[in-house]
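Asker: Contents of data19.csv (CSV, C-alpha atoms):
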```csv
chain,number,residue,atom,x,y,z
A,1,MET,CA,-24.0,10.1,15.3
A,2,LEU,CA,-24.7,9.6,11.6
A,3,ARG,CA,-28.4,9.2,12.3
A,4,ALA,CA,-28.4,12.5,14.1
A,5,VAL,CA,-26.7,14.2,11.1
A,6,ILE,CA,-29.2,12.6,8.7
A,7,ALA,CA,-32.2,13.6,10.9
A,8,ALA,CA,-31.0,17.1,11.3
A,9,ALA,CA,-30.1,17.7,7.7
A,10,THR,CA,-33.0,16.0,5.8
A,11,ARG,CA,-36.7,16.8,5.3
A,12,ARG,CA,-39.5,14.8,3.8
A,13,SER,CA,-41.0,15.7,0.4
A,14,GLY,CA,-44.6,15.3,-0.6
A,15,GLN,CA,-43.7,11.9,-2.1
A,16,PRO,CA,-43.9,8.9,0.4
A,17,GLY,CA,-40.5,7.4,1.2
A,18,ARG,CA,-38.5,10.1,-0.6
A,19,VAL,CA,-35.8,12.1,1.3
A,20,LEU,CA,-34.6,15.4,0.0
A,21,ALA,CA,-31.0,16.1,1.1
A,22,PRO,CA,-29.8,19.7,1.3
A,23,PRO,CA,-26.1,20.5,0.5
A,24,ALA,CA,-25.1,20.2,4.1
A,25,PHE,CA,-26.2,16.6,4.3
A,26,ALA,CA,-24.7,15.7,1.0
A,27,ALA,CA,-21.3,17.0,2.0
A,28,ALA,CA,-21.5,15.3,5.4
A,29,ALA,CA,-22.6,12.0,3.9
A,30,ALA,CA,-19.9,12.1,1.3
A,31,ALA,CA,-17.3,12.9,3.9
A,32,CYS,CA,-18.4,10.0,6.1
A,33,ALA,CA,-18.4,7.7,3.1
A,34,VAL,CA,-14.7,8.3,2.8
A,35,TRP,CA,-14.1,6.2,5.9
A,36,GLY,CA,-16.2,3.3,4.6
A,37,HIS,CA,-19.4,3.7,6.8
A,38,PRO,CA,-22.0,1.7,4.8
A,39,ALA,CA,-24.9,3.9,5.9
A,40,ALA,CA,-23.0,7.0,5.0
A,41,ALA,CA,-22.0,5.6,1.7
A,42,ALA,CA,-25.6,4.9,0.9
A,43,GLY,CA,-26.5,8.4,2.1
A,44,ALA,CA,-23.9,9.9,-0.2
A,45,GLN,CA,-25.3,8.0,-3.1
A,46,GLN,CA,-28.8,9.2,-2.4
A,47,ALA,CA,-27.8,12.7,-1.7
A,48,THR,CA,-25.4,13.3,-4.6
A,49,GLY,CA,-26.5,10.7,-7.1
A,50,SER,CA,-23.0,9.3,-7.1
A,51,ARG,CA,-21.9,5.7,-6.3
A,52,PRO,CA,-19.9,4.9,-3.2
A,53,TYR,CA,-16.2,4.7,-4.2
A,54,ILE,CA,-14.7,3.1,-1.0
A,55,GLY,CA,-14.0,-0.5,-1.7
A,56,SER,CA,-15.8,-0.5,-5.0
A,57,SER,CA,-13.2,0.7,-7.4
A,58,SER,CA,-14.4,-1.8,-10.0
A,59,SER,CA,-17.5,0.3,-10.5
A,60,TRP,CA,-15.5,3.3,-11.4
A,61,SER,CA,-13.4,4.1,-14.4
A,62,SER,CA,-9.7,3.6,-13.7
A,63,GLY,CA,-8.5,6.2,-11.2
A,64,GLY,CA,-11.9,7.9,-10.7
A,65,GLN,CA,-11.9,7.3,-7.0
A,66,TRP,CA,-8.6,9.2,-6.5
A,67,GLU,CA,-10.0,12.2,-8.5
A,68,VAL,CA,-13.0,12.3,-6.2
A,69,LEU,CA,-10.8,12.2,-3.1
A,70,ARG,CA,-8.7,15.1,-4.4
A,71,SER,CA,-11.8,17.1,-5.3
A,72,GLN,CA,-12.9,16.7,-1.7
A,73,GLY,CA,-9.6,18.3,-0.5
A,74,PHE,CA,-7.7,15.2,0.6
A,75,ALA,CA,-4.0,14.8,0.0
A,76,VAL,CA,-4.1,11.6,-1.9
A,77,ASN,CA,-0.4,11.0,-2.2
A,78,PRO,CA,1.4,12.7,0.7
A,79,CYS,CA,4.5,10.4,0.2
A,80,ASN,CA,4.9,11.8,-3.3
A,81,SER,CA,5.5,8.3,-4.7
A,82,LYS,CA,5.3,7.7,-8.4
A,83,LEU,CA,4.0,4.3,-7.6
A,84,HIS,CA,0.9,5.5,-5.7
A,85,PRO,CA,-2.3,4.4,-7.5
A,86,SER,CA,-3.4,8.0,-7.8
A,87,VAL,CA,-0.4,8.4,-10.2
A,88,THR,CA,-0.5,5.0,-11.9
A,89,GLU,CA,-4.3,4.8,-12.3
A,90,ALA,CA,-5.5,8.5,-12.3
A,91,GLY,CA,-2.4,10.2,-13.7
A,92,ILE,CA,-2.3,12.7,-10.8
A,93,ALA,CA,1.3,14.0,-10.6
A,94,PRO,CA,2.9,14.1,-7.1
A,95,ASP,CA,3.1,17.5,-5.4
A,96,SER,CA,6.9,17.2,-5.2
A,97,ASP,CA,9.8,15.3,-6.6
A,98,GLU,CA,11.0,14.6,-3.1
A,99,GLU,CA,9.6,11.3,-1.9
A,100,VAL,CA,8.7,10.9,1.7
A,101,SER,CA,8.6,7.7,3.7
A,102,VAL,CA,5.1,6.3,4.4
A,103,GLN,CA,5.8,6.8,8.2
A,104,LYS,CA,6.5,10.5,7.8
A,105,ALA,CA,3.7,11.0,5.3
A,106,TYR,CA,0.9,9.4,7.3
A,107,THR,CA,2.0,9.4,11.0
A,108,PRO,CA,4.7,12.0,11.5
A,109,GLU,CA,3.9,12.2,15.3
A,110,SER,CA,4.1,8.5,15.9
A,111,THR,CA,6.4,7.5,18.8
A,112,CYS,CA,6.5,3.8,17.8
A,113,TRP,CA,9.9,2.4,18.9
A,114,GLY,CA,10.4,0.6,15.6
A,115,CYS,CA,9.2,3.1,13.0
A,116,GLY,CA,8.0,6.3,14.7
A,117,PRO,CA,9.4,9.5,13.2
A,118,ALA,CA,8.8,11.3,16.5
A,119,ALA,CA,10.3,8.6,18.8
A,120,LYS,CA,13.1,9.8,21.1
A,121,GLU,CA,14.9,6.5,20.7
A,122,GLY,CA,14.3,3.6,18.4
A,123,LEU,CA,15.0,2.0,15.0
A,124,PHE,CA,13.5,4.9,12.9
A,125,LEU,CA,12.5,2.6,10.1
A,126,SER,CA,11.6,4.5,7.0
A,127,SER,CA,9.7,2.6,4.3
A,128,TYR,CA,9.1,3.6,0.7
A,129,ARG,CA,7.0,2.2,-2.1
A,130,ILE,CA,8.3,-0.4,-4.5
A,131,PRO,CA,6.2,-2.4,-7.0
A,132,GLY,CA,4.0,-4.7,-5.0
A,133,GLY,CA,5.4,-3.7,-1.6
A,134,LEU,CA,7.7,-1.5,0.4
A,135,GLU,CA,11.5,-1.1,0.8
A,136,ALA,CA,13.4,0.3,3.8
A,137,THR,CA,17.0,0.8,4.7
A,138,ALA,CA,18.4,0.6,8.3
A,139,VAL,CA,21.6,0.7,10.3
A,140,LEU,CA,21.3,-0.9,13.7
A,141,ASP,CA,23.4,0.4,16.6
A,142,SER,CA,25.7,-2.0,18.4
A,143,LYS,CA,23.7,-1.3,21.6
A,144,TYR,CA,21.1,-3.7,20.2
A,145,CYS,CA,23.6,-6.6,20.1
A,146,ALA,CA,22.8,-9.8,22.0
A,147,PHE,CA,26.5,-10.8,21.6
A,148,PRO,CA,29.4,-8.9,20.2
A,149,GLY,CA,28.8,-8.3,16.5
A,150,ILE,CA,25.4,-10.0,16.5
A,151,ILE,CA,22.1,-8.0,16.7
A,152,ASN,CA,19.4,-9.4,19.0
A,153,GLY,CA,16.9,-11.5,17.1
A,154,GLY,CA,14.0,-9.7,18.7
A,155,VAL,CA,15.2,-6.4,17.2
A,156,VAL,CA,15.2,-8.0,13.8
A,157,GLN,CA,11.7,-9.2,14.3
A,158,SER,CA,10.7,-5.6,15.3
A,159,LEU,CA,11.9,-4.5,11.9
A,160,PHE,CA,9.7,-7.2,10.3
A,161,ASP,CA,6.8,-6.3,12.5
A,162,CYS,CA,6.7,-2.6,11.7
A,163,HIS,CA,7.6,-3.0,8.0
A,164,GLY,CA,5.0,-5.8,7.6
A,165,ASN,CA,2.2,-3.7,9.2
A,166,TRP,CA,3.0,-0.7,7.1
A,167,THR,CA,2.9,-2.9,4.0
A,168,ALA,CA,-0.4,-4.4,4.9
A,169,ALA,CA,-1.9,-0.9,5.8
A,170,ILE,CA,-0.8,0.6,2.5
A,171,ALA,CA,-2.2,-2.4,0.6
A,172,LEU,CA,-5.6,-2.0,2.3
A,173,MET,CA,-5.5,1.8,1.7
A,174,ASP,CA,-4.8,1.3,-2.0
A,175,ASN,CA,-7.3,-1.5,-2.3
A,176,ALA,CA,-10.1,0.6,-0.8
A,177,ALA,CA,-9.0,3.9,-2.3
A,178,THR,CA,-8.9,5.8,1.0
A,179,PRO,CA,-6.7,8.9,1.7
A,180,LYS,CA,-5.1,7.3,4.8
A,181,PRO,CA,-4.0,3.8,5.8
A,182,PRO,CA,-6.0,1.9,8.4
A,183,LEU,CA,-4.8,0.5,11.7
A,184,THR,CA,-3.4,-3.0,11.4
A,185,LEU,CA,-1.8,-5.3,13.9
A,186,THR,CA,0.2,-8.5,13.6
A,187,TYR,CA,-1.9,-11.6,13.7
A,188,GLU,CA,0.8,-14.1,13.2
A,189,MET,CA,4.4,-14.1,11.9
A,190,LEU,CA,7.0,-16.8,11.2
A,191,THR,CA,10.7,-15.7,11.0
A,192,ASN,CA,13.6,-17.7,9.6
A,193,PHE,CA,17.1,-16.5,10.5
A,194,LYS,CA,19.6,-17.4,7.7
A,195,ASP,CA,22.6,-15.6,9.2
A,196,THR,CA,23.6,-13.2,11.9
A,197,THR,CA,22.7,-9.6,11.6
A,198,PRO,CA,25.7,-7.2,12.1
A,199,PRO,CA,25.6,-3.8,13.8
A,200,ASN,CA,26.5,-0.5,12.1
A,201,GLU,CA,26.1,-2.0,8.7
A,202,PRO,CA,23.7,-1.0,5.9
A,203,LEU,CA,20.6,-3.3,5.9
A,204,ILE,CA,17.8,-3.5,3.3
A,205,LEU,CA,14.3,-4.7,4.1
A,206,ARG,CA,11.9,-5.5,1.3
A,207,SER,CA,8.3,-6.7,1.5
A,208,GLN,CA,5.8,-8.1,-1.1
A,209,ILE,CA,2.0,-8.3,-0.7
A,210,MET,CA,1.0,-11.9,-1.3
A,211,LYS,CA,-2.7,-11.9,-0.5
A,212,ILE,CA,-5.5,-9.7,0.7
A,213,LYS,CA,-8.4,-11.7,2.2
A,214,GLY,CA,-11.8,-10.7,3.3
A,215,SER,CA,-11.8,-7.1,2.2
A,216,ASP,CA,-15.0,-7.5,0.2
A,217,ILE,CA,-16.9,-9.5,2.8
A,218,PRO,CA,-19.2,-7.3,5.1
A,219,GLY,CA,-18.6,-7.7,8.8
A,220,THR,CA,-15.2,-9.3,8.5
A,221,LYS,CA,-11.8,-7.9,9.3
A,222,PRO,CA,-9.5,-8.0,6.2
A,223,THR,CA,-6.1,-9.7,6.6
A,224,VAL,CA,-3.0,-9.2,4.4
A,225,GLN,CA,-0.3,-11.8,3.9
A,226,VAL,CA,3.1,-10.2,3.5
A,227,ASP,CA,6.5,-11.8,2.7
A,228,MET,CA,9.6,-10.0,3.9
A,229,HIS,CA,13.4,-10.4,3.5
A,230,LEU,CA,16.3,-8.7,5.3
A,231,TYR,CA,19.6,-8.2,3.5
A,232,HIS,CA,23.1,-7.1,4.3
A,233,SER,CA,24.2,-4.7,1.6
A,234,LEU,CA,27.8,-5.3,0.7
A,235,GLY,CA,29.1,-3.1,-2.1
A,236,GLY,CA,26.4,-3.9,-4.6
A,237,HIS,CA,26.0,-7.5,-3.3
A,238,GLU,CA,23.0,-8.4,-1.0
A,239,LYS,CA,23.4,-11.2,1.5
A,240,LEU,CA,20.1,-12.7,2.8
A,241,LEU,CA,20.1,-12.5,6.7
A,242,ALA,CA,16.4,-13.4,7.5
A,243,SER,CA,13.0,-13.8,6.0
A,244,ALA,CA,9.5,-13.7,7.4
A,245,THR,CA,5.9,-14.3,6.4
A,246,GLY,CA,3.3,-12.4,8.4
A,247,LEU,CA,-0.4,-12.1,8.5
A,248,PHE,CA,-1.7,-8.7,9.4
A,249,LYS,CA,-5.3,-7.8,10.4
A,250,LYS,CA,-7.1,-4.6,10.0
A,251,LEU,CA,-8.5,-3.3,13.4
A,252,GLY,CA,-9.6,0.3,12.8
A,253,ALA,CA,-10.2,2.9,10.2
A,254,LEU,CA,-7.0,5.0,11.0
A,255,ARG,CA,-3.6,4.1,12.3
A,256,ALA,CA,-3.0,5.1,15.9
A,257,LEU,CA,0.0,7.2,17.0
```
Take the structure from the file and write it as structure tokens.
Answerer:
Amino acid sequence: MLRAVIAAATRRSGQPGRVLAPPAFAAAAAACAVWGHPAAAAGAQQATGSRPYIGSSSSWSSGGQWEVLRSQGFAVNPCNSKLHPSVTEAGIAPDSDEEVSVQKAYTPESTCWGCGPAAKEGLFLSSYRIPGGLEATAVLDSKYCAFPGIINGGVVQSLFDCHGNWTAAIALMDNAATPKPPLTLTYEMLTNFKDTTPPNEPLILRSQIMKIKGSDIPGTKPTVQVDMHLYHSLGGHEKLLASATGLFKKLGALRAL
């Protein structure tokens, strides 16, 4: 498809090997480069004289890539978080003071049972940025109990699964300076249960990004290691209920609904 765009939008000059790109091709190549297509990125560089900004933030002044995305019409910070790199690196103020969960900001039509805003039933996990990761609160209904007063362990792991994938996806998005997070799936996860999880009680789930591996190696799928902890919030005191370490792998350019 990209070759067809290039062929249709370019013409040869009188100088051997030189391609003149009209504005239509320059715009198309720059738009394709947003999603990290290497040929498109090269085309954008040739057509516009600019350097590719996806995955190469080190070649830009701090925050420059977010300014470019905004100038192309992308909503760079739809969750309105003050911790988004467009704010911390580029100084671009959020559009609103009302912060939105990453789930509602990026996949409002998702029907995922664990975190989909549009799911008819589910856990409705809502995650927000914190330094180095995400934080979510949840209250689990008693219908998810395996025994009276004890939430099923698989439901707890579903919280970790969704929260960890979102943490990894946001980390990859920030690292590559793209307007939307990629599709990630759980590669492996180890969960340790410290205590039973009660129903109908406020829970806090926090994650921290530990390592991003392979994001700068062509042809490899990046992975993100994430550490997570689930707490029972008791009047200002937090009791650790479970912890998990997960490895999450990028599979596609955009998250699926």
Asker: How close does range 124-209 of chain A get to range 112-120 of chain A? List, as a Markdown table, each residue of range 124-209 of chain A within 7 Å, its nearest atom pair and the distance in Å to one decimal, counting all atoms listed in the file.
Answerer:
```
| residue | atom | partner | partner_atom | distance |
| --- | --- | --- | --- | --- |
| A:Phe124 | CA | A:Cys115 | CA | 4.7 |
| A:Leu125 | CA | A:Cys115 | CA | 4.4 |
| A:Ser126 | CA | A:Cys115 | CA | 6.6 |
| A:Ser158 | CA | A:Gly114 | CA | 6.2 |
| A:Leu159 | CA | A:Gly114 | CA | 6.5 |
| A:Cys162 | CA | A:Gly114 | CA | 6.3 |
```
Asker: Give me the range 102-162 of chain A side of the contact with range 190-201 of chain A, cut-off 7 Å, one line per residue showing its nearest atom pair and distance in Å at one decimal, counting only C-alpha atoms, sorted by chain and residue number, as CSV.
Answerer:
```
residue,atom,partner,partner_atom,distance
A:Val139,CA,A:Asn200,CA,5.4
A:Leu140,CA,A:Pro199,CA,5.2
A:Asp141,CA,A:Pro199,CA,5.5
A:Ser142,CA,A:Pro199,CA,4.9
A:Gly149,CA,A:Pro198,CA,5.5
A:Ile150,CA,A:Pro198,CA,5.2
A:Ile151,CA,A:Thr197,CA,5.4
```
Asker: Rounded to one decimal place, report the CA of Glu238 in chain A-CA of Ile204 in chain A distance in Å.
Answerer: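 Rounded to one decimal, the two atoms are 8.3 Å apart.
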Asker: Expressed in Å to a single decimal, how great is the separation between CA of Glu121 in chain A and CA of Arg255 in chain A?
Answerer: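 Spanning CA of Glu121 in chain A to CA of Arg255 in chain A is a straight-line distance of 20.5 Å.
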Asker: With distances taken over only C-alpha atoms, which residue among A:Gln225, A:Thr245, A:Gln208, A:Thr178 lies nearest Ala75 in chain A?
Answerer: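 Answer, going by the shortest atom-to-atom distance: A:Thr178.
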Asker: In Å, how far is it from CA of Pro218 in chain A to CA of Leu183 in chain A?
Answerer: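 About the pair CA of Pro218 in chain A and CA of Leu183 in chain A: they are 17.7 Å apart.
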Asker: When distances are computed from all atoms listed in the file, which of A:Gly153, A:Pro148, A:Gly214, A:Gly91 shows the smallest separation from Gly63 in chain A?
Answerer: A:Gly91
Asker: Using only C-alpha atoms for the distances, tell me which of A:Ala176, A:Ala168, A:Leu203, A:Leu123 is nearest to Ser233 in chain A.
Answerer: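 Closest candidate: A:Leu203.
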